[in-house]
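Asker: The structure follows.
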Amino acid sequence: SSDPLVIFTPSGKRGNFPKGTPILTAARQLGVDLDSVCGGRGICSKCQITPSYGEFPKHGVTVADDALSEWNAVEQRYDDKRGLPKGRRLGCQATVQDDIVIDVPPESQVHKQVVRKRAEVRDITLNPTVKLSYVEVEEPDMHKPSGDLERLMTALKASTGHDHIEVDTHLLRPLQPILRKGKWTVTAAVHQGRADTTPRVIALWPGFFDKPLFGLAVDLGSTTIAGHLCNLETGEVVASSGLMNPQIRFGEDLMSRVSYAMMNKGGDIEMTNAVRDGLNQLVTDIATDAAIEKDQILDSVFVMNPVMHHLFLGIDPFELGQAPFALATSDALELTASEIGLEIADGTRAYLLPCIAGHVGADAAGVALSEAPNKSDDLALIVDVGTNAEILLGDKDGVMACSSPTGPAFEGAQISSGQRAAPGAIERVEIDPVTKEPRFRVIGSELWSNEDGFAEAIATTGVTGICGSGIIEVIAEMRIAGLVDASGLIGSAEQTGTSRCFLDGRTNSYRLWDGDEDQKPITVTNADIRAIQMAKAALYSGARLLMDKRGVDKVDRVVLAGAFGAHISAKHAMVLGMIPDCPLDKVTSAGNAAGTGARIALLNRDARGDIETLVRQIEKIETAVEPRFQEHFVNASALPNSADPFPILRE
Ligand code: FES
C-alpha cells in the first residue's frame with residue numbers, strides 16, 4: 001500500500017492510513033488504547049501523543065519532520081489557552097502525512113497499569129466503571145419537535161459508540177438548565193458496571209467538566225471503617241481515612257450486635273443508621289482531606305463480613321446468628337448511593353462484593369480477589385484473622401473457604417491486660433531463655449524497654465496493656481523460654497527459676513512489666529494463655545480441615561491478611577501452632593487484602609465479574625458440621641500441637 005504507515009508504541013500496533021487521517025481515528029481503528037473525553041473536539045487534551053522523528057531500524061521506518069500535519073487552529077488555541085507539554089500533540093487534531101511512529105504516554109491510556117505495593121501480586125489494570133463524555137447537543141427546533149433528553153442521547157450514542165444508553169431519573173429535573181447553561185454542550189458521566197450491562201448516564205455538568213472523577217473503596221469492619229479515595233483516571237489513592245465503627249456502642253463483637261438486634265425492637269435499624277452515619281462522616285472527611293467536591297465521587301465499592309453486610313443494607317442479621325446461617329442474599333449488589341443512605345451525588349454507585357457463605361463474607365471475597373489463589377501455581381493458605389478467621393486454601397486447581405470462630409482474643413479482648421492496638425500497647429516481646437527476663441516495645445516508641453531513654457520515650461503513652469500481636473509474642477516467647485509447657489500451663493517460680501512466675505489464685509502468672517507509680521504491673525495469666533489456645537486452636541483446625549478436604553498435610557505458603565496479620569511475626573505464630581508448619585520465608589503478610597480487593601473492584605470493572613465467578617466456584621466448608629473439626633481442635637489446643645508434627649519449626 002502507498003498509504004503512510006502508522007506505528008504505535010508501546011503497543012506495537014501498526015497500520016496504513018490515508019493521508020489526512022487523524023491519529024485518534026487511526027488509534028481507534030487499530031484498537032490502540034488512546035483516551036478521549038471530548039470526542040475529538042480539541043477540548044479535553046486526553047488524546048495527547050508524542051510523535052518520534054528520525055531513523056527507526058527496529059520498525060523499519062524513517063520518519064520525516066513533516067510526517068504529521070502542521071498545527072491547526074484548534075490545536076493552536078488549546079496550546080495558547082492551556083499549554084501542551086513540549087513534544088506533545090493532540091491526537092485528534094494531528095493528521096498522518098507520512099510514515100510515523102507515535103508513542104502513547106501512560107496519561108493518555110485509559111487502561112493503564114496501576115502499580116501495586118507488593119511485588120508478589122499483579123498490578124491492577126485501570127478500567128473504571130465511570131467515564132466522562134463531552135458532547136455538543138443539537139438545539140431544539142420548533143419544526144422538528146423532540147425532547148432535550150432525546151437529542152442528548154443521540155449525541156452521546158454517537159460519541160461513545162454505545163447502541164443503548166439509559167439515564168438516571170434524578171437527572172431529568174436538572175437536565176434543561178444544565179443544557180442551557182452549557183450553551184448546548186454538556187459533560188456526561190456514563191457508568192457501565194459490567195461490559196454486558198447497559199450504560200447509564202449518572203451525572204451531568206454544563207460545558208466541559210475538567211475535574212477528575214473519584215471512587216471510594218471501603219472496608220467496613222466491625223471495629224473500624226477504612227476508606228480509600230482513588231482517582232479513577234490515574235488509579236492513585238489520593239486520600240485515606242478511617243474511623244471507629246459507631247456500632248461498637250451496641251456491642252464490641254458481632255455476635256453481641258446480633259443479640260442486640262434480637263433483644264431490642266428496631267435495634268437492627270439503629271445499628272444500620274449508626275454505620276451509615278459513620279460512613280457519611282468518612283466521606284466528608286476524605287473529600288475535605290483531598291480538597292475535592294463530594295459530587296466528584298461517583299463510584300464506591302464495599303467489602304465487609306456477613307453481619308456488617310446485612311446491617312449496612314438494613315437487613316436484620318437474625319438468621320446469621322443461628323444454623324443454618326442463611327444469608328438474605330449472597331450475590332454481588334450494585335446499588336445507588338441513596339439506596340444505602342450515602343450522602344454523595346445522587347448518581348453515585350455502590351458495589352458490594354459477593355459474600356462467600358454465611359460466615360465468609362464479602363471481605364473474604366476481597367481477599368480472594370486481591371490474593372488470587374485461583375491463579376496461584378503453589379498451594380496457598382490465606383487467613384484473615386479477626387473475630388472470625390476467614391480461611392482460603394487453594395491454587396489454580398481449585399479454592400476452598402471456611403470460617404472459624406476464633407473469638408476476639410486475638411484482638412486483645414478476653415485477655416487480662418489486653419487492649420486494642422493503640423499507643424502504649426505492648427506489641428513486641430522477647431524473653432531471654434537463660435535469665436527469663438523480658439524486654440518489650442510499645443506502640444508509639446522505637447525503643448525496647450531495656451534501652452536507655454525508654455522511660456522518656458513512653459512518658460506520654462505509658463505502658464497500658466498488650467495488643468493482639470503482643471500477646472502472641474509473649475506466649476510464644478514464654479513457651480520458647482520454658483515458662484509454659486506444651487499443655488499451656490505456666491510453671492511456678494521453683495519450676496522456672498524466676499520470681500517473675502508467681503502463684504496467682506490457683507494457677508501461675510508471669511509478670512511482664514513491673515509497673516510504675518502511674519500504672520499497674522502487666523501480667524500474663526494462665527487464663528490469658530487459655531483464651532489464646534482456644535482462639536489459635538480454632539484457627540488451626542479450620543485450616544487443617546481444608547487441608548484434609550484437599551488431601552494434603554502441608555501447604556506451600558501461608559498468607560496472613562488483615563491488620564492483625566500485618567503485625568504478628570511468622571515465627572511466633574508457628575511456635576504457638578496458629579498456622580501449619582511451613583518454611584518461615586513462605587509466610588507473608590498481605591496487609592489489608594480485603595481493602596485492596598475493594599480497590600481492585602473499584603478500578604477495574606472486569607475484576608467484578610472475575611470475583612463473582614470465583615465466589616460461585618469456591619467450595620464452601622461449614623466447620624460447625626464437620627466431625628473432624630472437633631478432633632483437630634482438641635489436638636490444636638496444645639502448643640504447638642499434640643498430633644501434627646511441626647518438622648520445620650523444630651529445625
Ligand atoms: Fe479531546 Fe483530543 S480528544 S482533545
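Letters for chains follow the order of the C-alpha cells (A, B, ...), residue numbers begin at 1 for each chain, and ligand numbers begin at 1 in the order shown.
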Skipping near chain neighbours, those fewer than 2 positions away, what residues fall within 10 Å of range 505-509 of chain A using only C-alpha atoms, listed as a PyMOL selection string?

Answerer: chain A and resi 483-484+489-493+500-503+511-512+523-529

Asker: Using only C-alpha atoms and all ligand atoms, what are the residues with an atom within 6 Å of ligand 1, set out as number ranges by chain?

Answerer: A: 36-47, 90-92

Asker: Taking 3 positions as the minimum chain separation for residues in the same chain, which residues sit within 6 Å of range 331-337 of chain A when counting only C-alpha atoms? Answer as a ChimeraX atom specification.

Answerer: /A:340,342,348-354

Asker: When you count only C-alpha atoms, which of these residues is closest to Ser300 in chain A: A:Val130, A:Ala357, A:Ala362, A:Ile579?

Answerer: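 Smallest distance to Ser300 in chain A is found for A:Val130.
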
Asker: Using only C-alpha atoms, pick whichever of A:Ile621, A:Ile443, A:Leu229, A:Leu254 has the shortest atom-to-atom distance to Asp289 in chain A.

Answerer: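 Comparing A:Ile621, A:Ile443, A:Leu229, A:Leu254 against Asp289 in chain A, the winner is A:Leu229.
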
Asker: Neighbours of Lys554 in chain A within 8 Å (only C-alpha atoms; same-chain residues fewer than 3 positions away dropped), as a list in words?

Answerer: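 Neighbouring residues, sequence-local ones excluded: Met547, Pro580, Asp581 and Cys582 of chain A.
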
Asker: Please identify which residues in range 129-168 of chain A DSSP calls helix (DSSP H, G or I) from the backbone, and express them as a list in words.

Answerer: Asp148, Leu149, Glu150, Arg151, Leu152, Met153, Thr154, Ala155, Leu156, Lys157, Ala158, Ser159 and Thr160 of chain A

Asker: If we count only C-alpha atoms, what is near range 207-213 of chain A at a cut-off of 8 Å, once residues fewer than 4 positions away on the same chain are taken out, given as a list in words?

Answerer: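 Counting only the stated atoms, we get Ile43, Cys44, Tyr134, Lys181, Gly182, Lys183, Trp184, Thr185, Val186, Thr187, Asn231, Leu232, Glu233, Gln296, Ile297 and Leu298 of chain A.
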